>>> print(open('coords.txt').read())   # compact mmCIF, C-alpha atoms
# COMPACT_ATOMS: atom_id res chain seq x y z
CA MET S 157 0.00 0.00 0.00
CA ARG S 158 1.21 3.47 -0.82
CA ALA S 159 0.86 6.04 1.90
CA ARG S 160 1.65 9.69 1.35
CA ARG S 161 3.24 12.04 3.83
CA LEU S 162 1.12 15.10 4.27
CA ILE S 163 2.47 18.28 5.80
CA ALA S 164 0.05 21.05 6.64
CA ALA S 165 0.48 24.51 5.15
CA ALA S 166 -2.12 25.76 7.58
CA SER S 167 -3.80 24.20 10.53
CA VAL S 168 -7.39 23.14 11.09
CA ALA S 169 -9.85 23.53 13.92
CA ALA S 170 -12.92 21.95 15.48
CA LEU S 171 -15.51 23.94 17.38
CA ALA S 172 -18.63 23.43 19.45
CA VAL S 173 -21.60 24.56 17.34
CA LEU S 174 -24.80 25.72 18.98
CA SER S 175 -28.19 25.91 17.31
CA LEU S 176 -29.85 29.26 16.75
CA ALA S 177 -32.81 28.19 18.83
CA ALA S 178 -30.58 27.16 21.76
CA CYS S 179 -29.36 30.69 22.33
CA GLY S 180 -32.54 32.51 21.48
CA GLN S 181 -31.25 33.68 18.09
CA SER S 182 -33.55 32.26 15.45
CA ALA S 183 -33.95 34.84 12.71
CA PRO S 184 -34.37 32.84 9.49
CA ASP S 185 -32.58 35.49 7.44
CA VAL S 186 -29.41 35.27 9.59
CA ALA S 187 -26.80 32.66 8.65
CA ALA S 188 -24.73 32.80 11.84
CA TYR S 189 -23.96 34.80 14.97
CA VAL S 190 -20.64 35.20 16.75
CA GLY S 191 -21.33 37.44 19.69
CA ASP S 192 -22.59 40.76 18.34
CA THR S 193 -21.36 39.93 14.84
CA SER S 194 -23.75 38.30 12.41
CA TRP S 195 -23.99 37.48 8.71
CA SER S 196 -27.27 37.51 6.85
CA THR S 197 -28.18 34.81 4.37
CA ALA S 198 -28.18 37.60 1.76
CA ARG S 199 -24.56 38.38 2.60
CA VAL S 200 -23.57 34.75 2.10
CA ASP S 201 -25.48 34.69 -1.18
CA GLU S 202 -23.71 37.86 -2.32
CA ILE S 203 -20.24 36.36 -1.82
CA TYR S 204 -21.34 33.05 -3.36
CA ASP S 205 -22.86 34.71 -6.43
CA ASP S 206 -19.67 36.76 -6.87
CA ILE S 207 -17.64 33.53 -6.92
CA GLN S 208 -19.87 31.92 -9.52
CA ALA S 209 -19.95 34.97 -11.77
CA ASP S 210 -16.18 35.52 -11.81
CA PHE S 211 -15.44 31.80 -12.06
CA GLY S 212 -17.81 31.37 -15.00
CA GLU S 213 -16.32 34.33 -16.83
CA ALA S 214 -12.78 33.03 -16.29
CA VAL S 215 -13.76 29.63 -17.70
CA ARG S 216 -15.44 31.22 -20.72
CA GLN S 217 -12.32 33.23 -21.49
CA GLU S 218 -9.99 30.28 -21.04
CA LEU S 219 -11.98 27.86 -23.15
CA GLY S 220 -12.86 30.56 -25.65
CA ARG S 221 -9.22 30.79 -26.63
CA THR S 222 -9.38 27.13 -27.69
CA GLY S 223 -12.70 27.46 -29.48
CA VAL S 224 -14.49 25.22 -26.94
CA SER S 225 -17.91 26.12 -25.55
CA PRO S 226 -18.09 25.35 -21.81
CA SER S 227 -20.91 23.24 -20.40
CA PRO S 228 -23.09 24.60 -17.58
CA GLU S 229 -21.24 22.33 -15.15
CA GLN S 230 -17.88 23.75 -16.22
CA LEU S 231 -19.10 27.27 -15.52
CA ARG S 232 -19.84 26.60 -11.86
CA SER S 233 -17.29 26.63 -9.07
CA THR S 234 -17.43 23.80 -6.54
CA VAL S 235 -17.42 26.33 -3.68
CA THR S 236 -20.67 26.11 -1.68
CA ARG S 237 -22.56 28.55 0.51
CA GLU S 238 -21.47 26.44 3.47
CA ASP S 239 -17.84 27.04 2.42
CA VAL S 240 -18.50 30.78 2.36
CA LEU S 241 -20.00 30.84 5.84
CA SER S 242 -17.31 28.53 7.21
CA LEU S 243 -14.71 31.04 6.04
CA LEU S 244 -16.53 34.04 7.53
CA VAL S 245 -17.05 32.38 10.91
CA SER S 246 -13.51 30.98 11.13
CA LEU S 247 -12.01 34.35 10.26
CA GLU S 248 -14.05 36.14 12.93
CA LEU S 249 -13.19 33.63 15.65
CA GLY S 250 -9.54 33.57 14.61
CA LYS S 251 -9.29 37.36 14.80
CA ARG S 252 -10.78 37.32 18.28
CA VAL S 253 -8.25 34.78 19.50
CA VAL S 254 -5.38 36.71 17.91
CA ALA S 255 -6.50 39.93 19.60
CA GLU S 256 -7.08 38.31 22.99
CA LYS S 257 -3.69 36.61 23.00
CA LYS S 258 -1.89 39.53 21.33
CA LEU S 259 -0.43 37.37 18.57
CA GLN S 260 1.46 38.79 15.62
CA VAL S 261 -0.03 38.29 12.16
CA ALA S 262 2.14 38.64 9.07
CA ASP S 263 0.33 40.09 6.06
CA GLN S 264 2.11 38.14 3.33
CA ILE S 265 -0.43 36.01 1.48
CA SER S 266 -2.14 37.68 -1.47
CA PRO S 267 -5.29 36.64 -3.39
CA GLU S 268 -3.11 36.13 -6.45
CA GLN S 269 -1.07 33.50 -4.58
CA LEU S 270 -4.24 31.65 -3.66
CA GLU S 271 -6.07 31.86 -6.98
CA ALA S 272 -4.71 28.64 -8.48
CA VAL S 273 -5.04 26.70 -5.23
CA LEU S 274 -8.63 27.77 -4.56
CA ARG S 275 -9.57 27.58 -8.24
CA VAL S 276 -11.41 30.84 -7.71
CA PRO S 277 -10.37 34.14 -9.36
CA ALA S 278 -8.33 36.52 -7.21
CA THR S 279 -10.88 39.25 -7.97
CA THR S 280 -13.56 37.63 -5.81
CA GLU S 281 -14.21 38.68 -2.24
CA TYR S 282 -13.99 35.01 -1.27
CA THR S 283 -10.36 34.75 -2.38
CA LYS S 284 -9.52 38.02 -0.66
CA LEU S 285 -11.08 36.76 2.57
CA TRP S 286 -9.11 33.54 2.18
CA GLY S 287 -5.88 35.55 2.04
CA GLU S 288 -6.78 37.25 5.30
CA TRP S 289 -7.80 33.95 6.88
CA PHE S 290 -4.60 32.22 5.80
CA ASP S 291 -2.50 34.86 7.58
CA VAL S 292 -4.57 34.57 10.77
CA LEU S 293 -4.46 30.79 10.66
CA GLN S 294 -0.71 30.80 10.20
CA ALA S 295 -0.29 33.04 13.24
CA LEU S 296 -2.36 30.68 15.37
CA ASN S 297 -0.67 27.62 13.93
CA GLN S 298 2.85 28.91 14.55
CA GLN S 299 2.47 30.82 17.82
CA LEU S 300 0.32 28.44 19.86
CA PRO S 301 2.32 25.58 21.37
CA PRO S 302 1.42 22.21 19.83
CA ALA S 303 -0.96 19.95 21.72
CA ASP S 304 -0.54 16.28 22.51
CA LEU S 305 -1.22 13.92 19.62
CA SER S 306 -4.14 11.51 19.96
CA ASP S 307 -5.66 8.86 17.73
CA ASP S 308 -8.95 10.77 17.66
CA ALA S 309 -7.27 13.96 16.51
CA VAL S 310 -5.21 12.14 13.87
CA MET S 311 -8.26 10.37 12.46
CA ALA S 312 -10.44 13.50 12.49
CA VAL S 313 -7.91 15.30 10.31
CA TYR S 314 -7.34 12.26 8.10
CA GLN S 315 -11.03 11.67 7.47
CA ALA S 316 -11.58 15.31 6.53
CA ILE S 317 -8.71 15.15 4.02
CA ALA S 318 -9.88 11.78 2.67
CA LYS S 319 -13.25 13.31 1.81
CA THR S 320 -11.54 15.35 -0.88
CA GLY S 321 -10.73 12.12 -2.72
CA GLN S 322 -7.09 13.09 -3.07
CA ILE S 323 -5.70 10.55 -0.60
CA ASP S 324 -6.53 6.92 0.10
CA SER S 325 -9.54 6.32 2.33
CA GLY S 326 -10.08 3.44 4.74
CA LEU S 327 -6.63 3.51 6.34
CA SER S 328 -6.12 2.31 9.89
CA VAL S 329 -4.84 4.53 12.69
CA ALA S 330 -1.38 2.98 12.38
CA GLU S 331 -1.32 3.57 8.62
CA VAL S 332 -2.47 7.16 9.00
CA ARG S 333 0.15 7.86 11.66
CA GLN S 334 2.82 6.49 9.35
CA ALA S 335 1.52 8.61 6.46
CA PHE S 336 1.45 11.74 8.64
CA GLY S 337 5.01 11.24 9.88
CA ASP S 338 5.58 12.95 13.22
CA GLY S 339 2.08 14.42 13.10
CA GLY S 340 3.30 17.94 13.70
CA PHE S 341 0.50 19.55 11.75
CA VAL S 342 -2.11 17.56 13.69
CA ARG S 343 -0.59 18.78 16.96
CA SER S 344 -0.81 22.37 15.74
CA ALA S 345 -4.33 21.80 14.46
CA THR S 346 -5.47 20.50 17.84
CA ALA S 347 -4.01 23.52 19.64
CA VAL S 348 -5.80 25.86 17.24
CA SER S 349 -8.98 23.84 17.67
CA ALA S 350 -8.90 24.27 21.44
CA ALA S 351 -8.35 28.02 21.17
CA LEU S 352 -11.14 28.54 18.63
CA GLN S 353 -13.53 26.28 20.47
CA GLN S 354 -13.09 28.27 23.65
CA GLU S 355 -13.71 31.49 21.74
CA ALA S 356 -16.79 30.02 20.05
CA GLU S 357 -18.26 29.15 23.43
CA ARG S 358 -17.40 32.55 24.89
CA ALA S 359 -18.90 34.37 21.89
CA ASP S 360 -22.00 32.13 21.82
CA LEU S 361 -21.48 30.87 18.27
CA SER S 362 -24.77 29.89 16.64
CA VAL S 363 -25.43 28.69 13.09
CA ASN S 364 -28.57 28.52 11.00
CA PRO S 365 -29.34 24.82 10.36
CA ARG S 366 -29.59 25.63 6.65
CA PHE S 367 -25.81 26.09 6.54
CA ARG S 368 -24.75 23.07 8.54
CA PRO S 369 -22.38 21.43 8.79
CA LEU S 370 -19.80 24.19 8.94
CA GLY S 371 -16.10 23.51 9.18
CA VAL S 372 -12.72 25.20 9.22
CA PRO S 373 -11.16 25.70 5.77
CA SER S 374 -7.53 24.61 5.54
CA PHE S 375 -4.61 23.69 3.33
CA VAL S 376 -2.56 20.53 3.38
CA ASN S 377 0.30 19.95 0.96
CA GLY S 378 0.30 16.67 -0.92
CA PRO S 379 2.60 15.19 -3.55
CA GLN S 380 0.55 16.71 -6.37
CA GLY S 381 0.21 20.12 -4.75
CA PRO S 382 -1.91 21.81 -2.08
CA ILE S 383 -5.19 20.19 -1.05
CA ILE S 384 -8.06 22.27 0.32
CA TYR S 385 -10.20 20.49 2.86
CA VAL S 386 -12.65 21.31 5.64
CA LEU S 387 -12.59 19.75 9.10
CA PRO S 388 -16.20 19.74 10.34
CA TYR S 389 -16.92 21.30 13.68
CA VAL S 390 -17.45 18.72 16.41
CA ASP S 391 -19.58 18.72 19.54
CA GLN S 392 -18.36 18.60 23.12
CA ASN S 393 -17.62 14.89 22.83
CA GLY S 394 -15.10 15.58 20.08
CA PRO S 395 -11.36 14.93 20.22
CA VAL S 396 -10.22 18.38 21.36
CA THR S 397 -12.54 19.37 24.18
CA ASP S 398 -10.31 18.01 26.95
CA ILE S 399 -7.32 20.11 25.86
CA SER S 400 -6.86 23.36 27.71
CA THR S 401 -6.29 26.42 25.59
CA PRO S 402 -2.53 27.06 25.61
CA GLU S 403 -0.84 30.39 25.99
CA PRO S 404 1.01 31.67 22.92
CA LEU S 405 4.70 31.12 22.51
CA PRO S 406 6.83 34.25 23.04
CA SER S 407 7.80 35.85 19.76
CA SER S 408 9.87 38.94 19.03
CA GLU S 409 9.00 39.07 15.32
CA PRO S 410 6.06 38.05 13.12
CA ALA S 411 5.91 34.40 12.19
CA GLN S 412 6.76 33.64 8.58
CA PRO S 413 3.90 32.12 6.61
CA THR S 414 4.14 28.83 4.79
CA ASP S 415 4.03 29.06 1.00
CA PRO S 416 0.70 27.51 -0.05
CA SER S 417 2.23 26.42 -3.35
CA ALA S 418 4.86 24.20 -1.71
CA VAL S 419 4.75 20.49 -2.59
CA THR S 420 5.99 17.58 -0.53
CA GLU S 421 7.43 14.30 -1.74
CA PRO S 422 5.48 11.06 -1.45
CA VAL S 423 6.64 8.34 0.89
CA ARG S 424 6.26 4.71 -0.12
CA ASN S 425 5.53 1.99 2.39
>>> encode(input="coords.txt", output="structure tokens")
Amino acid sequence: MRARRLIAAASVAALAVLSLAACGQSAPDVAAYVGDTSWSTARVDEIYDDIQADFGEAVRQELGRTGVSPSPEQLRSTVTREDVLSLLVSLELGKRVVAEKKLQVADQISPEQLEAVLRVPATTEYTKLWGEWFDVLQALNQQLPPADLSDDAVMAVYQAIAKTGQIDSGLSVAEVRQAFGDGGFVRSATAVSAALQQEAERADLSVNPRFRPLGVPSFVNGPQGPIIYVLPYVDQNGPVTDISTPEPLPSSEPAQPTDPSAVTEPVRN
């Protein structure tokens, strides 16, 4: 069996998600609340429609140069409304953690750098938000001390990546651990998860059932290039709830971001 070593370019997180009804916030035209911040369903639709319009135009131009007429399927991005809301919520929670812990965020990832990886034009608001999120996620990933590795955490990350179809599914814990090497990116992911989960609980995160399940958008570098995947939020029985939120590591200068275009080499078993 061939297993591939995967090294994260950005970490992932898992949060406790509350229903709108549970916290008394049940407006049907609101997609999610984080404290006093909220996003309407119209706002999510606006960002989503922007993606589809710019993506479709880019495909038309690209295929037009070859004389090929694109099909309706080719004109639609695979990004969903759930992806849009996942990004908005994760960015808000991440900013709150960064501010509370006084972490340093390096502004070094541009929409143009992410365009090919996201397969969404750099002109869209979605790609611009992704650039901001990547910087925040890198700060959390690099400045929070790594958590202990556990089988649950390893498998949660693995299963989320496997859903993309870009790595083998059905591997055992032992096989996944071997594929992930020292599991450094899972340790970082778990630390970020704990920090964001605590913030979600403090800010009374609530999500309209229409947009569930949400998750945290992330990169992982594979042998063929970066893979985008989403780790779904988990409830209080999930793998990260027993990990206390760590204090940030001392840093005298901004952490350097990982290049999302980096590619790792496969490892054969």
>>> atom_distance(input="coords.txt", atom1="atom CA of S:Val276", atom2="atom CA of S:Leu361")
27.9 Å
>>> residues_around(input="coords.txt", residues="stretch 314-327 of chain S", least_positions_apart="4", cutoff="6 Å", atoms="only C-alpha atoms", output="ChimeraX atom specification")
/S:331,385,387
>>> write_last_selection(input="coords.txt", atoms="C-alpha atoms", output="PDB file, keeping the file's coordinate frame")
ATOM      1  CA  GLU S 331      -1.320   3.570   8.620  1.00  0.00           C
ATOM      2  CA  TYR S 385     -10.200  20.490   2.860  1.00  0.00           C
ATOM      3  CA  LEU S 387     -12.590  19.750   9.100  1.00  0.00           C
TER       4      LEU S 387
END
>>> residues_near_point(input="coords.txt", point="(-9.6, 35.4, 15.2)", cutoff="12 Å", atoms="all atoms listed in the file", output="ChimeraX atom specification")
/S:169,190,243-261,288-297,348-349,351-356,359
>>> closest_residue(input="coords.txt", among="S:Asp239, S:Pro184, S:Arg221, S:Ile207", to="S:Pro373", atoms="only C-alpha atoms")
S:Asp239
>>> closest_residue(input="coords.txt", among="S:Ser344, S:Gln208, S:Thr197, S:Ser362", to="S:Ser233", atoms="all atoms listed in the file")
S:Gln208
>>> closest_residue(input="coords.txt", among="S:Ala350, S:Ala214, S:Val310, S:Val200", to="S:Ala335", atoms="only C-alpha atoms")
S:Val310
>>> atom_distance(input="coords.txt", atom1="atom CA of S:Gly378", atom2="atom CA of S:Phe336")
10.8 Å
>>> axis_aligned_box(input="coords.txt", around="stretch 254-260 of chain S", padding_each_side="8 Å", output="lines of an AutoDock Vina configuration file")
center_x = -2.8
center_y = 38.3
center_z = 19.3
size_x = 24.5
size_y = 19.3
size_z = 23.4
>>> residues_around(input="coords.txt", residues="S:Asp206", least_positions_apart="2", cutoff="12 Å", atoms="all atoms listed in the file", output="JSON, numbers by chain")
{"S": [199, 200, 201, 202, 203, 204, 208, 209, 210, 211, 212, 213, 232, 233, 235, 236, 237, 240, 276, 277, 278, 279, 280, 281, 282, 283, 284]}
>>> atom_distance(input="coords.txt", atom1="atom CA of S:Ile265", atom2="atom CA of S:Arg358")
29.1 Å
>>> decode(input="coords.txt", residues="stretch 199-213 of chain S", atoms="all heavy atoms", output="compact mmCIF listing (two decimals), in the first residue's frame")
# COMPACT_ATOMS: atom_id res chain seq x y z
N ARG S 199 -26.00 38.12 2.67
CA ARG S 199 -24.56 38.38 2.60
C ARG S 199 -23.81 37.15 2.09
O ARG S 199 -22.91 37.26 1.25
CB ARG S 199 -24.05 38.77 3.99
CG ARG S 199 -22.55 38.95 4.10
CD ARG S 199 -22.08 40.10 3.28
NE ARG S 199 -20.65 40.35 3.50
CZ ARG S 199 -19.80 40.69 2.54
NH1 ARG S 199 -20.21 40.83 1.29
NH2 ARG S 199 -18.54 40.91 2.82
N VAL S 200 -24.19 35.99 2.58
CA VAL S 200 -23.57 34.75 2.10
C VAL S 200 -23.86 34.57 0.62
O VAL S 200 -22.98 34.21 -0.16
CB VAL S 200 -24.09 33.54 2.91
CG1 VAL S 200 -23.56 32.24 2.32
CG2 VAL S 200 -23.68 33.66 4.37
N ASP S 201 -25.11 34.81 0.23
CA ASP S 201 -25.48 34.69 -1.18
C ASP S 201 -24.68 35.64 -2.06
O ASP S 201 -24.29 35.31 -3.18
CB ASP S 201 -26.97 34.96 -1.37
CG ASP S 201 -27.85 33.84 -0.84
OD1 ASP S 201 -27.34 32.72 -0.65
OD2 ASP S 201 -29.06 34.09 -0.62
N GLU S 202 -24.45 36.85 -1.55
CA GLU S 202 -23.71 37.86 -2.32
C GLU S 202 -22.29 37.37 -2.64
O GLU S 202 -21.82 37.48 -3.78
CB GLU S 202 -23.66 39.16 -1.53
CG GLU S 202 -22.87 40.27 -2.21
CD GLU S 202 -22.74 41.51 -1.33
OE1 GLU S 202 -22.87 41.39 -0.09
OE2 GLU S 202 -22.50 42.60 -1.88
N ILE S 203 -21.60 36.85 -1.61
CA ILE S 203 -20.24 36.36 -1.82
C ILE S 203 -20.25 35.14 -2.74
O ILE S 203 -19.41 35.00 -3.63
CB ILE S 203 -19.59 36.02 -0.47
CG1 ILE S 203 -19.47 37.28 0.39
CG2 ILE S 203 -18.21 35.39 -0.68
CD1 ILE S 203 -18.97 37.01 1.79
N TYR S 204 -21.22 34.26 -2.53
CA TYR S 204 -21.34 33.05 -3.36
C TYR S 204 -21.61 33.41 -4.82
O TYR S 204 -20.98 32.86 -5.73
CB TYR S 204 -22.47 32.18 -2.81
CG TYR S 204 -22.79 30.98 -3.66
CD1 TYR S 204 -22.00 29.83 -3.60
CD2 TYR S 204 -23.88 30.99 -4.53
CE1 TYR S 204 -22.29 28.72 -4.39
CE2 TYR S 204 -24.17 29.89 -5.32
CZ TYR S 204 -23.37 28.76 -5.25
OH TYR S 204 -23.66 27.67 -6.03
N ASP S 205 -22.53 34.32 -5.06
CA ASP S 205 -22.86 34.71 -6.43
C ASP S 205 -21.66 35.37 -7.11
O ASP S 205 -21.45 35.20 -8.32
CB ASP S 205 -24.05 35.67 -6.44
CG ASP S 205 -25.35 34.98 -6.03
OD1 ASP S 205 -25.40 33.73 -6.08
OD2 ASP S 205 -26.30 35.69 -5.65
N ASP S 206 -20.89 36.12 -6.35
CA ASP S 206 -19.67 36.76 -6.87
C ASP S 206 -18.67 35.70 -7.34
O ASP S 206 -18.05 35.83 -8.40
CB ASP S 206 -19.06 37.64 -5.78
CG ASP S 206 -17.78 38.33 -6.23
OD1 ASP S 206 -17.75 38.87 -7.35
OD2 ASP S 206 -16.81 38.33 -5.45
N ILE S 207 -18.53 34.64 -6.55
CA ILE S 207 -17.64 33.53 -6.92
C ILE S 207 -18.09 32.93 -8.25
O ILE S 207 -17.29 32.76 -9.19
CB ILE S 207 -17.65 32.43 -5.85
CG1 ILE S 207 -17.05 32.93 -4.55
CG2 ILE S 207 -16.88 31.19 -6.34
CD1 ILE S 207 -17.29 32.00 -3.37
N GLN S 208 -19.37 32.60 -8.34
CA GLN S 208 -19.87 31.92 -9.52
C GLN S 208 -19.76 32.79 -10.77
O GLN S 208 -19.40 32.30 -11.85
CB GLN S 208 -21.33 31.48 -9.30
CG GLN S 208 -21.53 30.51 -8.15
CD GLN S 208 -20.73 29.22 -8.32
OE1 GLN S 208 -20.37 28.83 -9.43
NE2 GLN S 208 -20.45 28.54 -7.21
N ALA S 209 -20.03 34.08 -10.62
CA ALA S 209 -19.95 34.97 -11.77
C ALA S 209 -18.51 35.10 -12.29
O ALA S 209 -18.26 34.97 -13.49
CB ALA S 209 -20.51 36.34 -11.40
N ASP S 210 -17.57 35.35 -11.38
CA ASP S 210 -16.18 35.52 -11.81
C ASP S 210 -15.58 34.21 -12.29
O ASP S 210 -14.79 34.18 -13.24
CB ASP S 210 -15.35 36.08 -10.65
CG ASP S 210 -15.56 37.57 -10.45
OD1 ASP S 210 -16.60 38.07 -10.92
OD2 ASP S 210 -14.71 38.22 -9.83
N PHE S 211 -15.94 33.11 -11.64
CA PHE S 211 -15.44 31.80 -12.06
C PHE S 211 -15.94 31.46 -13.47
O PHE S 211 -15.17 31.03 -14.34
CB PHE S 211 -15.88 30.73 -11.08
CG PHE S 211 -15.41 29.34 -11.44
CD1 PHE S 211 -14.15 28.90 -11.08
CD2 PHE S 211 -16.24 28.47 -12.14
CE1 PHE S 211 -13.71 27.62 -11.42
CE2 PHE S 211 -15.82 27.20 -12.48
CZ PHE S 211 -14.55 26.77 -12.12
N GLY S 212 -17.24 31.66 -13.69
CA GLY S 212 -17.81 31.37 -15.00
C GLY S 212 -17.18 32.20 -16.09
O GLY S 212 -16.88 31.68 -17.19
N GLU S 213 -16.94 33.47 -15.81
CA GLU S 213 -16.32 34.33 -16.83
C GLU S 213 -14.89 33.90 -17.12
O GLU S 213 -14.45 33.91 -18.27
CB GLU S 213 -16.33 35.78 -16.35
CG GLU S 213 -15.75 36.79 -17.33
CD GLU S 213 -16.46 36.77 -18.67
OE1 GLU S 213 -17.67 36.47 -18.71
OE2 GLU S 213 -15.79 37.07 -19.69
